[in-house]
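Student: One structure follows; several queries about it will come next.
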Amino acid sequence: MSETFSSNKTAKELPAYTPQHGRFEVRNPHVATMAEDVLYHISLGNKSHDLKDMFGDVKFVCFGGSPNRMRKFAEYLVVELNIKIPAGQTLCNISHGSDRYVLYKVGPVISVSHGMGIPSLSIIFHEIVKLIYHAGCSDVVFFRLGTSGGLGIDPGSVVITEEAVDGLLRPYMELVTLGEVRQHPSRLNHSVSTDLLSLANRQKDGYQTCVGKTMCTLDFYEGQARLDGAFCDYSENDKLSFLNRIYNSGIRNIEMESLCFAAYCYRAGIKGAVVCVTLLDRLKGDQISTPHDVLEEWQTRPQKIVTAYIKKKLDIK
């Protein structure tokens, strides 16, 4: 008879959320006792590299799904932050020793890819948190810049997440640890979201930026009530009934990473924000048919608002 684990134990109580001020401390006592901490998936380590020298000035970390998009974002930051790259040199993917993620540093900003979905984001989040710890960073702000499916808003609109929820609309991430389910609240920093929204101007930008709840799913197709996957055992009426119900609860977009990002930011005591562009209105369809060049421009919109935030904090005109 195979062994099974209980799944209904009460989640362990977490310490109250305190945004970090001063040098960041990682919430794992074992890290300090390790002879060496190898950040395997980004090909770095606290013994093999001088992380304080390389990353000690970092104040912002920007995560995004696509490696190519985060490379382009790093190139955009070079221009916007007035970074002077010496002649004969260029931006380098610092994690080139691994083919899992890309990582660029532009002044005090890290631009890093996180792949698709919670498992992939979780891995890189752990290693970036340990990176800024070993580097002795302080007062760092994290951002997720992404794409999503919108609900009841025009495609190309930008949603700043006020609360991330799971597919059951619960504001926490469940993680099975040591054979039991533990719940990690997915709370984001409202001051960062407010500051981001204040930088948006619909008349000037030409598109809407709003604050709303984000539903994070474990699947792109059935988990998001699509009709176009390889499997579907519900009707179009079922789909629309569900999407209208979550819209009425405040959900404005759907994606696959915000829950983990928000839960880990809260758990680490890091100020964080999720900013996503919507590629379609899910109340009107499932498939993305917008021309590629238009999608490319839309995907820069979260980057622009976060860059404006960074420039404001660095007092760059």
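Residue numbers start at 1 in each chain; chains themselves are named A, B, ... in the order of the structure tokens; ligands are numbered from 1 in the order shown.
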I want to know what sits within 10 Å of Leu280 in chain A, based on only C-alpha atoms, with residues of the same chain fewer than 3 positions away left out; could you give that as JSON, numbers by chain?

Tutor: {"A": [147, 148, 149, 150, 151, 152, 153, 154, 155, 156, 157, 253, 277, 283, 284, 285, 286, 287, 288, 289, 290]}

Student: Phe60 in chain A: which residues within 7 Å, counting only C-alpha atoms, same-chain residues fewer than 4 positions away excluded, as a list in words?

Tutor: Pro108, Val109, Ile110, Val140, Val141 and Phe142 of chain A

Student: When DSSP is applied to the backbone of this structure, which of range 5-138 of chain A are assigned helix (DSSP H, G or I)? Write them out as a ChimeraX atom specification.

Tutor: /A:31-33,40-42,51-55,67-80,118-134

Student: For Ile251 in chain A, which residue among A:Gly167, A:Gly179, A:Gly229, A:Gly269 is the nearest when counting only C-alpha atoms?

Tutor: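 Result for the nearest residue to Ile251 in chain A: A:Gly167.
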
Student: Skipping near chain neighbours, those fewer than 2 positions away, what residues fall within 12 Å of Thr300 in chain A using only C-alpha atoms, listed as a VMD selection string?

Tutor: chain A and resid 64 69 to 70 72 to 74 76 to 77 145 to 147 156 to 158 205 275 to 278 293 to 298 302 to 307

Student: Rank A:Val112, A:Ala308, A:Leu227, A:Leu314 by their smallest atom-to-atom distance to Arg100 in chain A, using only C-alpha atoms, and report the top residue only.

Tutor: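 Using only C-alpha atoms, Arg100 in chain A sits closest to A:Val112.
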
Student: For range 34-45 of chain A, find every residue with an atom within 7 Å (counting only C-alpha atoms), except residues of its own chain fewer than 6 positions away, and show them as a PyMOL selection string.

Tutor: chain A and resi 95+97-98+100-101+127

Student: Please give the complete set of residues from range 228-302 of chain A that DSSP, run on the backbone, assigns to strand (DSSP E), formatted as a list in words.

Tutor: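 Residues of range 228-302 of chain A classed as strand (DSSP E): Ile251, Arg252, Asn253, Ile254, Glu255, Lys271, Gly272, Ala273, Val274, Val275, Cys276, Val277, Thr278, Leu279, Leu280 and Asp281 of chain A.
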
Student: Deliver the residues from the most recent selection as a file, using C-alpha atoms, as a short mmCIF file (atom, residue, chain, number, x, y, z; two decimals), in the first residue's frame.

Tutor:
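Below you can see result_38.cif, which holds the result:
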data_model
loop_
_atom_site.label_atom_id
_atom_site.label_comp_id
_atom_site.auth_asym_id
_atom_site.auth_seq_id
_atom_site.Cartn_x
_atom_site.Cartn_y
_atom_site.Cartn_z
CA ILE A 251 -10.53 40.33 -12.11
CA ARG A 252 -9.17 42.33 -15.04
CA ASN A 253 -6.59 39.95 -16.45
CA ILE A 254 -5.42 36.34 -16.40
CA GLU A 255 -1.86 35.02 -16.56
CA LYS A 271 8.33 45.61 -2.45
CA GLY A 272 6.93 44.27 -5.70
CA ALA A 273 4.52 45.01 -8.52
CA VAL A 274 3.06 43.11 -11.45
CA VAL A 275 2.47 45.07 -14.66
CA CYS A 276 1.01 43.24 -17.66
CA VAL A 277 -0.30 44.23 -21.05
CA THR A 278 -3.46 42.48 -22.26
CA LEU A 279 -3.25 40.82 -25.69
CA LEU A 280 -6.99 40.22 -26.12
CA ASP A 281 -10.32 40.50 -24.34
#

Student: One number please: CA of Asn189 in chain A to CA of Val176 in chain A, in Å, one decimal.

Tutor: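 Spanning CA of Asn189 in chain A to CA of Val176 in chain A is a straight-line distance of 25.3 Å.
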
Student: As an exercise, work out the distance from CA of Ala135 in chain A to CA of Asp50 in chain A in Å and give it to one decimal place.

Tutor: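 CA of Ala135 in chain A sits 8.1 Å away from CA of Asp50 in chain A.
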
Student: Which residue is closest to Leu81 in chain A? Choose from A:Cys232, A:Val106, A:Ile160, A:Leu199 and count only C-alpha atoms.

Tutor: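 With only C-alpha atoms as the atom set, the closest residue is A:Val106.
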
Student: Given the choices A:Arg170, A:Gly107, A:Asp99, A:Asp233, which gets closest to Glu80 in chain A if the distance is worked out from only C-alpha atoms?

Tutor: A:Gly107

Student: Using only C-alpha atoms for the distances, tell me which of A:Ser258, A:Ser249, A:Asn237, A:Thr161 is nearest to Val211 in chain A.

Tutor: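 For Val211 in chain A, the nearest of the candidates is A:Thr161.
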
Student: When you count only C-alpha atoms, which of these residues is closest to Val192 in chain A: A:Ile118, A:Ala263, A:Ile310, A:Val26?

Tutor: A:Ile310

Student: So how far away is CA of Leu218 in chain A from CA of Thr194 in chain A, in Å?

Tutor: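 Distance between the two atoms: 27.9 Å.
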
Student: Considering only C-alpha atoms, return as a VMD selection string whatever protein or nucleic-acid residues lie within 12 Å of Thr90 in chain A, sequence-local ones (same chain, fewer than 4 positions apart) excluded.

Tutor: chain A and resid 71 74 to 75 78 83 to 86 94 104 to 106

Student: Mind dumping the selected residues with C-alpha atoms as a PDB file, in the first residue's frame?

Tutor:
ATOM      1  CA  ARG A  71      17.292  41.429 -23.683  1.00  0.00           C
ATOM      2  CA  ALA A  74      17.969  45.806 -21.145  1.00  0.00           C
ATOM      3  CA  GLU A  75      18.892  47.555 -24.402  1.00  0.00           C
ATOM      4  CA  VAL A  78      20.765  51.559 -21.622  1.00  0.00           C
ATOM      5  CA  ILE A  83      24.256  54.316 -19.466  1.00  0.00           C
ATOM      6  CA  LYS A  84      27.562  54.737 -21.293  1.00  0.00           C
ATOM      7  CA  ILE A  85      28.923  51.423 -22.563  1.00  0.00           C
ATOM      8  CA  PRO A  86      32.646  51.707 -23.390  1.00  0.00           C
ATOM      9  CA  ILE A  94      25.664  37.300 -17.341  1.00  0.00           C
ATOM     10  CA  TYR A 104      21.429  41.435 -17.820  1.00  0.00           C
ATOM     11  CA  LYS A 105      22.571  44.270 -15.581  1.00  0.00           C
ATOM     12  CA  VAL A 106      22.095  47.879 -16.646  1.00  0.00           C
TER      13      VAL A 106
END
